[in-house]
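For reference, the structure is listed below as structure tokens.
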2 protein chains.
Amino acid sequence: MSKPADHQQLFENALDRLRTSGYKVTAARRDLLKILCQTGDHLTSTDVIEKAAQAKRPIGRASVFRTLDLLTELGIIRPTYLHRGAPNYIVMPENGHHAHIICRDCSQVIEINECSIDEMIDALEVRHNIEITGHLLELYGKCKDCE
Amino acid sequence: MSKPADHQQLFENALDRLRTSGYKVTAARRDLLKILCQTGDHLTSTDVIEKAAQAKRPIGRASVFRTLDLLTELGIIRPTYLHRGAPNYIVMPENGHHAHIICRDCSQVIEINECSIDEMIDALEVRHNIEITGHLLELYGKCKDCE
DNA sequence: ATCTTATTGATACTTAATCTCAATTGGAGT
DNA sequence: ACTCCAATTGAGATTAAGTATCAATAAGAT
Ligand SMILES: [Mn+2]
Ligand SMILES: [Mn+2]
Ligand SMILES: [Zn+2]
Ligand SMILES: [Zn+2]
């Protein structure tokens with residue numbers, strides 16, 4: 001019955017995964033992750049740069065992009081395309097699970113916690129009073145070529 | 001038991017959806033869609049520009065971006081984030097259904113035709129001898145605010 | 001406290017995407 | 001088939017996003 005992990009928990013866990021993978025937990029990486037975890041997610045690189053600057057803890061452009069790339073490789077965050085323009089990054093919880101509905105008209109994003117596609121879609125259509133007309137499912141894993 | 005629609009079919013159908021939505025079927029739009037439908041998908045804006053030029057049917061940069069945006073709004077194509085860099089566009093069949101597995105190591109993309117998540121994931125792990133550790137599911141629809 | 005190496009960030013640069021506007025064209029109407 | 005016009009295109013200029021370089025810094029191991 002996992003409630004959506006609260007921000008602090010998500011943040012700590014993300015840091016752990018970073019550390020466990022053998023990378024240093026630097027100020028830039030910690031700040032970026034904190035920003036992503038706190039702000040209801042879905043931020044672009046530019047959003048991160050601005051928020052860091054606002055918080056008087058600026059992160060260099062290069063470092064922001066490097067960190068977003070690194071965290072993506074590690075599966076800690078994931079880029080998505082919501083509105084248009086630059087990718088929006090979300091923090092992936094350790095169970096590697098995230099789903100949302102994107103309205104094709106207004107681009108509104110409705111976060112969802114349920115899962116199990118077929119019944120799931122039926123249930124979601126009722127619960128959110130929305131007609132779901134399509135989906136993109138991205139599964140992440142490690143293929144046999146990569147052992 | 002829908003076999004994956006062949007390219008020509010997918011292309012014709014995409015054109016229909018474009019026309020039905022009230023937009024003109026221009027050379028630029030037709031060429032772009034043809035390129036996307038033929039080339040096993042997953043093309044960036046730059047890929048499209050290059051392929052059009054190679055085929056001696058160049059499409060202006062502005063038009064490529066405009067068309068990609070339009071087709072995305074109409075739900076005919078969809079940007080995804082595969083390797084890194086610019087978004088990769090795929091053509092969404094009329095049933096609005098597409099799924100692939102992305103290897104977290106080599107970024108290899110394995111296209112899949114099955115569906116129904118939970119059992120699906122188990123089956124896929126066996127079939128492709130891959131361990132699936134996470135997923136992102138994007139559902140598309142029209143929210144109640146948009147009637 | 002010292003040391004080593006990963007990481008940072010300023011700057012310069014390249015590539016992706018947007019804007020503007022005159023020229024073109026799809027397709028509706030006759 | 002011909003006319004007409006709003007929708008669309010594309011060249012070129014501009015802005016934004018992302019990358020490369022490299023000397024300076026700091027995380028964390030010993
Ligand atoms: Mn979301
Ligand atoms: Mn695919
Ligand atoms: Zn909406
Ligand atoms: Zn692989």
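Please note that chains go A, B, ... in the order of the structure tokens, that every chain numbers its residues from 1, and that ligands are numbered from 1 in the order shown.
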For this session: Compute the chain D side of the contact with chain B at 12 Å, counting only C-alpha atoms (C1' of nucleotides), and hand it back as a PyMOL selection string.
Result: chain D and resi 6-12+17-19
Problem set entry | Near-ligand residues for ligand 3, threshold 8 Å, only C-alpha atoms (C1' of nucleotides) and all ligand atoms, as a list in words |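 Taking only C-alpha atoms (C1' of nucleotides) and all ligand atoms into account, the residues around ligand 3 at most 8 Å away are Ile102, Cys103, Arg104, Asp105, Cys106, Ser107 and Gln108 of chain A; Lys142, Cys143, Lys144, Asp145, Cys146 and Glu147 of chain B.
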For this session: Pick out the residues sitting within 10 Å of Leu136 in chain A, and hand them over as a PyMOL selection string; count only C-alpha atoms (C1' of nucleotides), and ignore anything fewer than 5 positions along from it in its own chain.
Result: chain B and resi 78-80+92+96-100+136-140
Hey, what does DSSP flag as strand (DSSP E or B) within range 6-109 of chain A? Can you give it to me as an mmCIF file with N, CA, C and O atoms, in the first residue's frame?
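out.cif was written with the following content:
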```cif
data_model
loop_
_atom_site.group_PDB
_atom_site.id
_atom_site.type_symbol
_atom_site.label_atom_id
_atom_site.label_comp_id
_atom_site.auth_asym_id
_atom_site.auth_seq_id
_atom_site.Cartn_x
_atom_site.Cartn_y
_atom_site.Cartn_z
ATOM 1 N N LEU A 43 10.726 19.412 -14.095
ATOM 2 C CA LEU A 43 11.487 20.631 -14.344
ATOM 3 C C LEU A 43 12.425 20.468 -15.534
ATOM 4 O O LEU A 43 12.946 19.388 -15.781
ATOM 5 N N ILE A 77 16.673 9.789 -12.256
ATOM 6 C CA ILE A 77 15.686 10.705 -12.825
ATOM 7 C C ILE A 77 15.401 10.247 -14.255
ATOM 8 O O ILE A 77 16.058 9.338 -14.767
ATOM 9 N N ARG A 78 14.430 10.874 -14.864
ATOM 10 C CA ARG A 78 14.049 10.480 -16.215
ATOM 11 C C ARG A 78 13.470 11.675 -16.953
ATOM 12 O O ARG A 78 12.608 12.369 -16.426
ATOM 13 N N PRO A 79 13.971 11.937 -18.168
ATOM 14 C CA PRO A 79 13.406 13.025 -18.960
ATOM 15 C C PRO A 79 12.100 12.598 -19.614
ATOM 16 O O PRO A 79 11.964 11.454 -20.043
ATOM 17 N N THR A 80 11.162 13.513 -19.677
ATOM 18 C CA THR A 80 9.901 13.256 -20.364
ATOM 19 C C THR A 80 9.574 14.477 -21.207
ATOM 20 O O THR A 80 10.145 15.541 -20.996
ATOM 21 N N ASN A 88 11.439 17.573 -19.632
ATOM 22 C CA ASN A 88 11.098 17.789 -18.238
ATOM 23 C C ASN A 88 11.555 16.570 -17.450
ATOM 24 O O ASN A 88 11.201 15.444 -17.803
ATOM 25 N N TYR A 89 12.312 16.817 -16.390
ATOM 26 C CA TYR A 89 12.860 15.711 -15.628
ATOM 27 C C TYR A 89 12.010 15.385 -14.412
ATOM 28 O O TYR A 89 11.507 16.279 -13.731
ATOM 29 N N ILE A 90 11.857 14.107 -14.143
ATOM 30 C CA ILE A 90 11.159 13.658 -12.952
ATOM 31 C C ILE A 90 12.082 12.744 -12.170
ATOM 32 O O ILE A 90 12.980 12.119 -12.747
ATOM 33 N N VAL A 91 11.886 12.687 -10.882
ATOM 34 C CA VAL A 91 12.661 11.758 -10.064
ATOM 35 C C VAL A 91 11.946 10.425 -10.077
ATOM 36 O O VAL A 91 10.742 10.355 -9.835
ATOM 37 N N HIS A 97 8.960 3.460 -10.925
ATOM 38 C CA HIS A 97 7.574 3.505 -11.332
ATOM 39 C C HIS A 97 7.052 4.926 -11.356
ATOM 40 O O HIS A 97 7.121 5.634 -10.363
ATOM 41 N N HIS A 98 6.520 5.346 -12.476
ATOM 42 C CA HIS A 98 5.930 6.682 -12.547
ATOM 43 C C HIS A 98 4.918 6.695 -13.676
ATOM 44 O O HIS A 98 5.166 6.122 -14.724
ATOM 45 N N ALA A 99 3.795 7.311 -13.448
ATOM 46 C CA ALA A 99 2.794 7.414 -14.501
ATOM 47 C C ALA A 99 1.999 8.698 -14.346
ATOM 48 O O ALA A 99 1.774 9.165 -13.224
ATOM 49 N N HIS A 100 1.646 9.287 -15.457
ATOM 50 C CA HIS A 100 0.788 10.460 -15.417
ATOM 51 C C HIS A 100 -0.018 10.509 -16.703
ATOM 52 O O HIS A 100 0.343 9.901 -17.704
ATOM 53 N N ILE A 101 -1.122 11.230 -16.630
ATOM 54 C CA ILE A 101 -1.948 11.424 -17.819
ATOM 55 C C ILE A 101 -1.685 12.832 -18.325
ATOM 56 O O ILE A 101 -1.647 13.777 -17.543
ATOM 57 N N ILE A 102 -1.471 12.946 -19.623
ATOM 58 C CA ILE A 102 -1.250 14.253 -20.221
ATOM 59 C C ILE A 102 -2.460 14.597 -21.080
ATOM 60 O O ILE A 102 -2.818 13.839 -21.976
ATOM 61 N N CYS A 103 -3.085 15.719 -20.796
ATOM 62 C CA CYS A 103 -4.234 16.119 -21.609
ATOM 63 C C CYS A 103 -3.744 16.603 -22.971
ATOM 64 O O CYS A 103 -2.850 17.435 -23.040
ATOM 65 N N VAL A 109 -1.114 17.944 -16.600
ATOM 66 C CA VAL A 109 -0.565 16.646 -16.221
ATOM 67 C C VAL A 109 -1.247 16.162 -14.948
ATOM 68 O O VAL A 109 -1.257 16.864 -13.945
#
```
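Comparing C:DT2, C:DG29, C:DA12, C:DT24 by their smallest distance to chain B, the closest is C:DT24 (using only C-alpha atoms (C1' of nucleotides)).
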For this session: Find the residues of chain C in contact range of chain A, meaning any atom within 12 Å when counting only C-alpha atoms (C1' of nucleotides), and list them as a list of chain:residue names.
Result: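 Listed by rising number, the hits are C:DT5, C:DA6, C:DT7, C:DT8, C:DG9, C:DA10, C:DT11, C:DA16, C:DA17, C:DT18.
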For this session: Give the helix (DSSP H, G or I) residues of chain B, as assigned by DSSP on the backbone, as an MDAnalysis selection string.
Result: chainID B and resid 7:20 27:38 45:54 61:73 117:127 144:146
Exercise. CA of Pro93 in chain A and CA of Ile132 in chain A, how far apart in Å?
Worked result: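 Pair CA of Ile132 in chain A / CA of Pro93 in chain A returns 24.7 Å.
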Exercise. Which residues, written as a ChimeraX atom specification, have at least one atom at most 8 Å from range 33-39 of chain B, with only C-alpha atoms (C1' of nucleotides) counted and residues fewer than 3 positions away on the same chain left out?
Worked result: /B:7-8,10-11,14-15,29-30,42-43,48,51-52,89-91
Those same residues, written as a short mmCIF file (atom, residue, chain, number, x, y, z; two decimals), in the first residue's frame with C-alpha atoms?
```cif
data_model
loop_
_atom_site.label_atom_id
_atom_site.label_comp_id
_atom_site.auth_asym_id
_atom_site.auth_seq_id
_atom_site.Cartn_x
_atom_site.Cartn_y
_atom_site.Cartn_z
CA HIS B 7 4.28 1.43 -43.18
CA GLN B 8 2.01 2.32 -46.05
CA LEU B 10 0.29 3.77 -41.05
CA PHE B 11 1.18 6.56 -43.45
CA ALA B 14 -1.79 9.44 -40.47
CA LEU B 15 -2.60 11.55 -43.52
CA ARG B 29 3.75 17.43 -44.24
CA ARG B 30 3.38 14.45 -46.52
CA HIS B 42 12.65 7.30 -33.64
CA LEU B 43 13.92 10.23 -35.69
CA VAL B 48 14.14 14.48 -40.77
CA LYS B 51 16.62 12.66 -44.94
CA ALA B 52 14.39 15.11 -46.75
CA TYR B 89 9.70 11.17 -32.73
CA ILE B 90 7.60 8.09 -33.31
CA VAL B 91 4.38 7.71 -35.24
#
```
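Take CA of Glu125 in chain B and CA of Glu94 in chain A: the distance between them is 18.9 Å.
As for C1' of DA20 in chain D and C1' of DT15 in chain C, they are spaced 12.6 Å apart.
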Problem set entry | Using only C-alpha atoms: which of B:Glu111, B:Glu73, B:Glu50, B:Asp122 has the shortest distance to chain A |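 Between B:Glu111, B:Glu73, B:Glu50, B:Asp122, the residue approaching chain A most closely is B:Glu73.
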